[in-house]
Amino acid sequence: MQKNSENPKVNVVYIITKLELGGAQKICLSLFEKLQKNGNEAYLISGTEGPLVARAKRIPNSILLDNMKREVSTNALMHEAKNFFSIVRTLRKLKKTNPNLIVHTHSTKAGLVGRWAAFFAGIKKRVHTVHGYGFHTHQPLLVWLGIYLLELFTSVITTHFVCVSSTDVETGKKLFPKFVQKSSIIRAAVPSKEFYIPATEIKKTPVRKEFVFGTVACFKQQKNLFDLLKAFKKVFSQNPKARLEIIGDGELRPAIESWIKEHKFNNVITLHGWRHSVAPIMLTWNSFVLSSLWEGLPCAIVEARLLKLPVLSYNTGGIHDIIRNGDNGFLYKQGHWGDLADGMLEVMKNKPLYSKLRAFNEDLSDFDEESMISQHVDLYKQLSL
């Protein structure tokens with residue numbers, strides 16, 4: 001008994017809506033899995049859709065609910081109500097055997113529904129990780145205001161906010177009461193070992209005559225891929241050695257495929273679809289590009305720098321926490337795809353600049369998985385006191 005009091009276990013249930021191949025989902029699963037392996041009591045509540053469901057099913061204490069969807073359905077209020085009360089019932093059952101249970105939500109919808117479900121289930125410790133806020137400047141004012149007000153009301157019942165970027169912290173300070181006292185930054189970790197490529201493996205990588213730009217993105221409005229496609233079109237028109245590869249998929253794929261076909265880029269733009277392991281493909285790239293309109297701090301940026309890829313990106317969310325203009329990449333104002341294209345052309349032709357960007361040695365230790373896990377455990381123990 002004495003041993004347990006000195007090093008008490010933490011009891012956490014994670015809530016996320018859809019287990020797709022996104023940064024928030026991977027982080028949530030990583031925390032869920034590693035806490036169990038370290039002897040803690042961890043549970044996961046999520047929906048039954050997404051490519052990461054199979055992985056979740058292999059981990060004990062996974063609770064997958066059929067009626068839990070990521071998309072908000074205002075036309076199906078009965079469905080949303082059933083989902084909410086299913087989570088409340090599930091949490092109440094878990095609380096009976098885990099009275100010190102902490103609920104930790106990830107993503108906007110799960111964050112709102114999960115924290116209120118925890119409140120009505122009588123769970124006092126409610127943590128939310130901000131992977132970028134659900135409201136942003138690219139929404140109509142009424143939509144922005146509606147989501148902001150929901151987040152504002154929910155902030156009152158939130159015990160602690162975990163932010164992955166400094167930008168999210170600054171936004172929280174401005175818009176939510178007492179945010180400073182109940183928030184901290186814990187970086188979203190990436191599996192660093194997968195992106196450590198020994199020199200012997202680098203030598204085996206075929207040297208390509210083309211200059212390959214690559215990105216990892218879901219095919220949604222958020223990632224703004226058509227700006228990237230327009231930038232690439234300008235680059236290719238001036239340097240036919242340019243190539244573009246995209247890892248990802250989503251609802252805009254038909255439109256993107258149609259654009260590629262219309263511009264006869266089938267042989268110069270490659271759509272890889274979703275991949276569970278992206279490092280082997282990224283290793284063949286020369287530079288990483290991103291044209292997102294809203295972000296927290298995308299894991300793909302960190303992964304690109306672990307592989308020493310120069311990063312050219314819109315200055316979105318917390319990307320500036322990693323990318324320093326002129327040191328390891330360049331940041332551009334959103335919507336200025338012409339400037340993004342000019343930067344792509346510059347790194348193609350300016351070999352000294354390209355080598356300088358690759359060689360920059362930033363400290364990415366905060367993004368190590370073990371560091372992320374230990375910081376979360378420390379937070380949970382502090383909240384349990």
# chains A, B, ... in the order shown; residues from 1 in each chain; ligands from 1

call {"tool": "select_by_dssp", "arguments": {"residues": "stretch 32-66 of chain A", "states": "alpha helix (DSSP H)", "output": "compact mmCIF listing (two decimals) with N, CA and C atoms, in the first residue's frame"}}
result
# COMPACT_ATOMS: atom_id res chain seq x y z
N PHE A 32 -3.22 6.84 -24.61
CA PHE A 32 -4.06 5.75 -24.13
C PHE A 32 -3.26 4.45 -24.00
N GLU A 33 -2.48 4.16 -25.03
CA GLU A 33 -1.70 2.92 -25.06
C GLU A 33 -0.55 2.94 -24.07
N LYS A 34 0.20 4.04 -24.05
CA LYS A 34 1.41 4.10 -23.21
C LYS A 34 1.08 4.19 -21.72
N LEU A 35 -0.01 4.86 -21.38
CA LEU A 35 -0.38 4.92 -19.96
C LEU A 35 -0.69 3.54 -19.42
N GLN A 36 -1.36 2.72 -20.23
CA GLN A 36 -1.65 1.35 -19.80
C GLN A 36 -0.36 0.55 -19.62
N LYS A 37 0.56 0.68 -20.56
CA LYS A 37 1.81 -0.07 -20.49
C LYS A 37 2.64 0.34 -19.28
N VAL A 53 -9.18 2.54 -36.14
CA VAL A 53 -10.07 1.73 -35.30
C VAL A 53 -9.46 0.36 -35.02
N ALA A 54 -8.85 -0.24 -36.03
CA ALA A 54 -8.26 -1.58 -35.84
C ALA A 54 -7.19 -1.55 -34.77
N ARG A 55 -6.37 -0.50 -34.75
CA ARG A 55 -5.35 -0.37 -33.72
C ARG A 55 -5.99 -0.21 -32.35
N ALA A 56 -7.04 0.61 -32.27
CA ALA A 56 -7.71 0.84 -30.99
C ALA A 56 -8.31 -0.45 -30.44
N LYS A 57 -8.85 -1.28 -31.32
CA LYS A 57 -9.49 -2.52 -30.88
C LYS A 57 -8.49 -3.48 -30.24

call {"tool": "residues_around", "arguments": {"residues": "A:Asp66", "least_positions_apart": "3", "cutoff": "9 Å", "atoms": "only C-alpha atoms", "output": "MDAnalysis selection string"}}
result
chainID A and resid 46:49 69 83

call {"tool": "residues_around", "arguments": {"residues": "stretch 119-128 of chain A", "least_positions_apart": "3", "cutoff": "9 Å", "atoms": "only C-alpha atoms", "output": "PyMOL selection string"}}
result
chain A and resi 87-92+95+99-107+111+114-116+157-163+383-384

call {"tool": "write_last_selection", "arguments": {"atoms": "N, CA and C atoms", "output": "PDB file, in the first residue's frame"}}
result
ATOM      1  N   ILE A  87     -22.474   8.505 -23.838  1.00  0.00           N
ATOM      2  CA  ILE A  87     -21.194   8.848 -23.208  1.00  0.00           C
ATOM      3  C   ILE A  87     -21.382   9.063 -21.711  1.00  0.00           C
ATOM      4  N   VAL A  88     -22.470   9.754 -21.329  1.00  0.00           N
ATOM      5  CA  VAL A  88     -22.741   9.979 -19.905  1.00  0.00           C
ATOM      6  C   VAL A  88     -22.869   8.650 -19.173  1.00  0.00           C
ATOM      7  N   ARG A  89     -23.647   7.711 -19.740  1.00  0.00           N
ATOM      8  CA  ARG A  89     -23.825   6.398 -19.103  1.00  0.00           C
ATOM      9  C   ARG A  89     -22.509   5.651 -19.000  1.00  0.00           C
ATOM     10  N   THR A  90     -21.714   5.715 -20.063  1.00  0.00           N
ATOM     11  CA  THR A  90     -20.419   5.025 -20.065  1.00  0.00           C
ATOM     12  C   THR A  90     -19.502   5.597 -18.986  1.00  0.00           C
ATOM     13  N   LEU A  91     -19.479   6.906 -18.874  1.00  0.00           N
ATOM     14  CA  LEU A  91     -18.626   7.552 -17.869  1.00  0.00           C
ATOM     15  C   LEU A  91     -19.089   7.225 -16.456  1.00  0.00           C
ATOM     16  N   ARG A  92     -20.379   7.170 -16.238  1.00  0.00           N
ATOM     17  CA  ARG A  92     -20.890   6.834 -14.905  1.00  0.00           C
ATOM     18  C   ARG A  92     -20.474   5.421 -14.495  1.00  0.00           C
ATOM     19  N   LYS A  95     -16.840   5.503 -13.598  1.00  0.00           N
ATOM     20  CA  LYS A  95     -16.624   6.229 -12.348  1.00  0.00           C
ATOM     21  C   LYS A  95     -16.876   5.346 -11.123  1.00  0.00           C
ATOM     22  N   PRO A  99     -13.215   6.120  -8.918  1.00  0.00           N
ATOM     23  CA  PRO A  99     -13.778   7.368  -8.377  1.00  0.00           C
ATOM     24  C   PRO A  99     -12.930   8.605  -8.658  1.00  0.00           C
ATOM     25  N   ASN A 100     -11.622   8.437  -8.894  1.00  0.00           N
ATOM     26  CA  ASN A 100     -10.745   9.578  -9.174  1.00  0.00           C
ATOM     27  C   ASN A 100     -10.513   9.765 -10.674  1.00  0.00           C
ATOM     28  N   LEU A 101     -11.458   9.328 -11.461  1.00  0.00           N
ATOM     29  CA  LEU A 101     -11.330   9.350 -12.917  1.00  0.00           C
ATOM     30  C   LEU A 101     -11.159  10.782 -13.449  1.00  0.00           C
ATOM     31  N   ILE A 102     -10.245  10.913 -14.419  1.00  0.00           N
ATOM     32  CA  ILE A 102     -10.046  12.169 -15.144  1.00  0.00           C
ATOM     33  C   ILE A 102     -10.525  11.954 -16.577  1.00  0.00           C
ATOM     34  N   VAL A 103     -11.307  12.878 -17.098  1.00  0.00           N
ATOM     35  CA  VAL A 103     -11.716  12.826 -18.505  1.00  0.00           C
ATOM     36  C   VAL A 103     -10.830  13.775 -19.291  1.00  0.00           C
ATOM     37  N   HIS A 104     -10.286  13.277 -20.383  1.00  0.00           N
ATOM     38  CA  HIS A 104      -9.391  14.075 -21.225  1.00  0.00           C
ATOM     39  C   HIS A 104      -9.897  13.994 -22.661  1.00  0.00           C
ATOM     40  N   THR A 105     -10.340  15.131 -23.199  1.00  0.00           N
ATOM     41  CA  THR A 105     -10.921  15.160 -24.545  1.00  0.00           C
ATOM     42  C   THR A 105      -9.943  15.739 -25.568  1.00  0.00           C
ATOM     43  N   HIS A 106     -10.128  15.292 -26.804  1.00  0.00           N
ATOM     44  CA  HIS A 106      -9.326  15.786 -27.930  1.00  0.00           C
ATOM     45  C   HIS A 106     -10.268  16.103 -29.089  1.00  0.00           C
ATOM     46  N   SER A 107      -9.992  17.172 -29.814  1.00  0.00           N
ATOM     47  CA  SER A 107     -10.753  17.668 -30.962  1.00  0.00           C
ATOM     48  C   SER A 107     -11.976  18.447 -30.499  1.00  0.00           C
ATOM     49  N   GLY A 111     -14.444  17.507 -27.579  1.00  0.00           N
ATOM     50  CA  GLY A 111     -14.125  18.367 -26.451  1.00  0.00           C
ATOM     51  C   GLY A 111     -15.363  18.968 -25.819  1.00  0.00           C
ATOM     52  N   GLY A 114     -17.722  15.772 -24.718  1.00  0.00           N
ATOM     53  CA  GLY A 114     -17.080  14.983 -23.676  1.00  0.00           C
ATOM     54  C   GLY A 114     -16.982  15.687 -22.341  1.00  0.00           C
ATOM     55  N   ARG A 115     -16.652  16.983 -22.357  1.00  0.00           N
ATOM     56  CA  ARG A 115     -16.534  17.714 -21.092  1.00  0.00           C
ATOM     57  C   ARG A 115     -17.888  17.881 -20.412  1.00  0.00           C
ATOM     58  N   TRP A 116     -18.950  18.144 -21.193  1.00  0.00           N
ATOM     59  CA  TRP A 116     -20.274  18.256 -20.592  1.00  0.00           C
ATOM     60  C   TRP A 116     -20.793  16.903 -20.127  1.00  0.00           C
ATOM     61  N   ILE A 157     -16.327  24.923 -17.141  1.00  0.00           N
ATOM     62  CA  ILE A 157     -16.315  23.608 -16.474  1.00  0.00           C
ATOM     63  C   ILE A 157     -15.036  22.827 -16.786  1.00  0.00           C
ATOM     64  N   THR A 158     -14.086  23.472 -17.443  1.00  0.00           N
ATOM     65  CA  THR A 158     -12.834  22.804 -17.815  1.00  0.00           C
ATOM     66  C   THR A 158     -11.798  23.000 -16.710  1.00  0.00           C
ATOM     67  N   THR A 159     -11.239  21.893 -16.226  1.00  0.00           N
ATOM     68  CA  THR A 159     -10.243  21.957 -15.165  1.00  0.00           C
ATOM     69  C   THR A 159      -8.897  22.434 -15.689  1.00  0.00           C
ATOM     70  N   HIS A 160      -8.521  21.950 -16.885  1.00  0.00           N
ATOM     71  CA  HIS A 160      -7.201  22.296 -17.423  1.00  0.00           C
ATOM     72  C   HIS A 160      -7.225  22.184 -18.942  1.00  0.00           C
ATOM     73  N   PHE A 161      -6.540  23.130 -19.585  1.00  0.00           N
ATOM     74  CA  PHE A 161      -6.341  23.104 -21.030  1.00  0.00           C
ATOM     75  C   PHE A 161      -4.890  22.715 -21.328  1.00  0.00           C
ATOM     76  N   VAL A 162      -4.713  21.757 -22.223  1.00  0.00           N
ATOM     77  CA  VAL A 162      -3.387  21.440 -22.755  1.00  0.00           C
ATOM     78  C   VAL A 162      -3.320  22.034 -24.155  1.00  0.00           C
ATOM     79  N   CYS A 163      -2.320  22.851 -24.430  1.00  0.00           N
ATOM     80  CA  CYS A 163      -2.138  23.454 -25.747  1.00  0.00           C
ATOM     81  C   CYS A 163      -0.895  22.870 -26.406  1.00  0.00           C
ATOM     82  N   LEU A 383      -3.388  17.141 -10.822  1.00  0.00           N
ATOM     83  CA  LEU A 383      -4.825  17.396 -10.760  1.00  0.00           C
ATOM     84  C   LEU A 383      -5.508  16.486  -9.745  1.00  0.00           C
ATOM     85  N   SER A 384      -4.900  15.319  -9.450  1.00  0.00           N
ATOM     86  CA  SER A 384      -5.508  14.357  -8.551  1.00  0.00           C
ATOM     87  C   SER A 384      -5.231  14.675  -7.075  1.00  0.00           C
TER      88      SER A 384
END

call {"tool": "select_by_dssp", "arguments": {"residues": "stretch 9-158 of chain A", "states": "strand (DSSP E or B)", "output": "list of chain:residue names"}}
result
A:Asn11, A:Val12, A:Val13, A:Tyr14, A:Ile15, A:Glu41, A:Ala42, A:Tyr43, A:Leu44, A:Ile45, A:Ser46, A:Gly47, A:Ser62, A:Ile63, A:Leu64, A:Leu65, A:Ile102, A:Val103, A:His104, A:Thr105, A:His106, A:Lys125, A:Arg126, A:Val127, A:His128, A:Thr129, A:Val130

call {"tool": "atom_distance", "arguments": {"atom1": "atom CA of A:Leu52", "atom2": "atom CA of A:Ser165"}}
result
24.5 Å

call {"tool": "residues_around", "arguments": {"residues": "A:Leu290", "least_positions_apart": "3", "cutoff": "9 Å", "atoms": "only C-alpha atoms", "output": "number ranges by chain"}}
result
A: 214-217, 223-225, 228, 301, 311-314

call {"tool": "residues_around", "arguments": {"residues": "A:Asn328", "least_positions_apart": "3", "cutoff": "10 Å", "atoms": "only C-alpha atoms", "output": "list in words"}}
result
Arg305, Lys308, Leu309, Pro310, Val311, Leu312, Ile322, Ile323, Arg324, Asn325, Leu353, Tyr354, Ser355, Lys356, Leu357, Arg358, Ala359, Phe360, Asn361 and Glu362 of chain A

call {"tool": "residues_around", "arguments": {"residues": "stretch 345-348 of chain A", "least_positions_apart": "2", "cutoff": "12 Å", "atoms": "only C-alpha atoms", "output": "ChimeraX atom specification"}}
result
/A:209-213,231-243,286-289,309-312,326,328-330,338-343,350-358

call {"tool": "residues_around", "arguments": {"residues": "stretch 366-378 of chain A", "least_positions_apart": "3", "cutoff": "6 Å", "atoms": "only C-alpha atoms", "output": "PyMOL selection string"}}
result
chain A and resi 187+189+381

call {"tool": "closest_residue", "arguments": {"among": "A:Ile247, A:Lys193, A:Asn266, A:Leu77", "to": "A:Ile281", "atoms": "only C-alpha atoms"}}
result
A:Ile247

call {"tool": "closest_residue", "arguments": {"among": "A:Val10, A:Ser192, A:His336, A:Asn67", "to": "A:Ala81", "atoms": "only C-alpha atoms"}}
result
A:Asn67

call {"tool": "atom_distance", "arguments": {"atom1": "atom CA of A:Ile59", "atom2": "atom CA of A:Tyr43"}}
result
9.3 Å

call {"tool": "closest_residue", "arguments": {"among": "A:Met282, A:Met344, A:Val156, A:Ala304", "to": "A:Leu331", "atoms": "only C-alpha atoms"}}
result
A:Met344

call {"tool": "decode", "arguments": {"residues": "stretch 36-69 of chain A", "atoms": "C-alpha atoms", "output": "mmCIF file, in the first residue's frame"}}
result
data_model
loop_
_atom_site.group_PDB
_atom_site.id
_atom_site.type_symbol
_atom_site.label_atom_id
_atom_site.label_comp_id
_atom_site.auth_asym_id
_atom_site.auth_seq_id
_atom_site.Cartn_x
_atom_site.Cartn_y
_atom_site.Cartn_z
ATOM 1 C CA GLN A 36 -1.646 1.347 -19.799
ATOM 2 C CA LYS A 37 1.814 -0.072 -20.489
ATOM 3 C CA ASN A 38 3.174 2.067 -17.643
ATOM 4 C CA GLY A 39 0.735 0.497 -15.197
ATOM 5 C CA ASN A 40 -1.950 3.165 -15.176
ATOM 6 C CA GLU A 41 -5.678 2.750 -15.758
ATOM 7 C CA ALA A 42 -6.673 4.232 -19.117
ATOM 8 C CA TYR A 43 -9.814 4.002 -21.246
ATOM 9 C CA LEU A 44 -10.795 5.259 -24.686
ATOM 10 C CA ILE A 45 -14.246 6.325 -25.888
ATOM 11 C CA SER A 46 -14.526 6.888 -29.632
ATOM 12 C CA GLY A 47 -16.611 6.149 -32.707
ATOM 13 C CA THR A 48 -16.391 3.065 -34.881
ATOM 14 C CA GLU A 49 -15.118 4.833 -38.007
ATOM 15 C CA GLY A 50 -11.594 5.580 -39.207
ATOM 16 C CA PRO A 51 -8.422 3.723 -40.232
ATOM 17 C CA LEU A 52 -7.089 3.724 -36.644
ATOM 18 C CA VAL A 53 -10.072 1.729 -35.297
ATOM 19 C CA ALA A 54 -8.260 -1.579 -35.843
ATOM 20 C CA ARG A 55 -5.345 -0.371 -33.720
ATOM 21 C CA ALA A 56 -7.711 0.840 -30.992
ATOM 22 C CA LYS A 57 -9.488 -2.524 -30.876
ATOM 23 C CA ARG A 58 -6.200 -4.246 -30.051
ATOM 24 C CA ILE A 59 -5.789 -2.127 -26.910
ATOM 25 C CA PRO A 60 -7.717 -3.158 -23.765
ATOM 26 C CA ASN A 61 -10.410 -0.794 -22.445
ATOM 27 C CA SER A 62 -11.402 0.572 -25.854
ATOM 28 C CA ILE A 63 -15.080 1.562 -25.903
ATOM 29 C CA LEU A 64 -16.287 2.206 -29.454
ATOM 30 C CA LEU A 65 -19.788 3.669 -29.812
ATOM 31 C CA ASP A 66 -21.741 3.216 -33.074
ATOM 32 C CA ASN A 67 -23.609 6.506 -32.742
ATOM 33 C CA MET A 68 -20.504 8.622 -32.139
ATOM 34 C CA LYS A 69 -19.717 10.647 -35.265
#
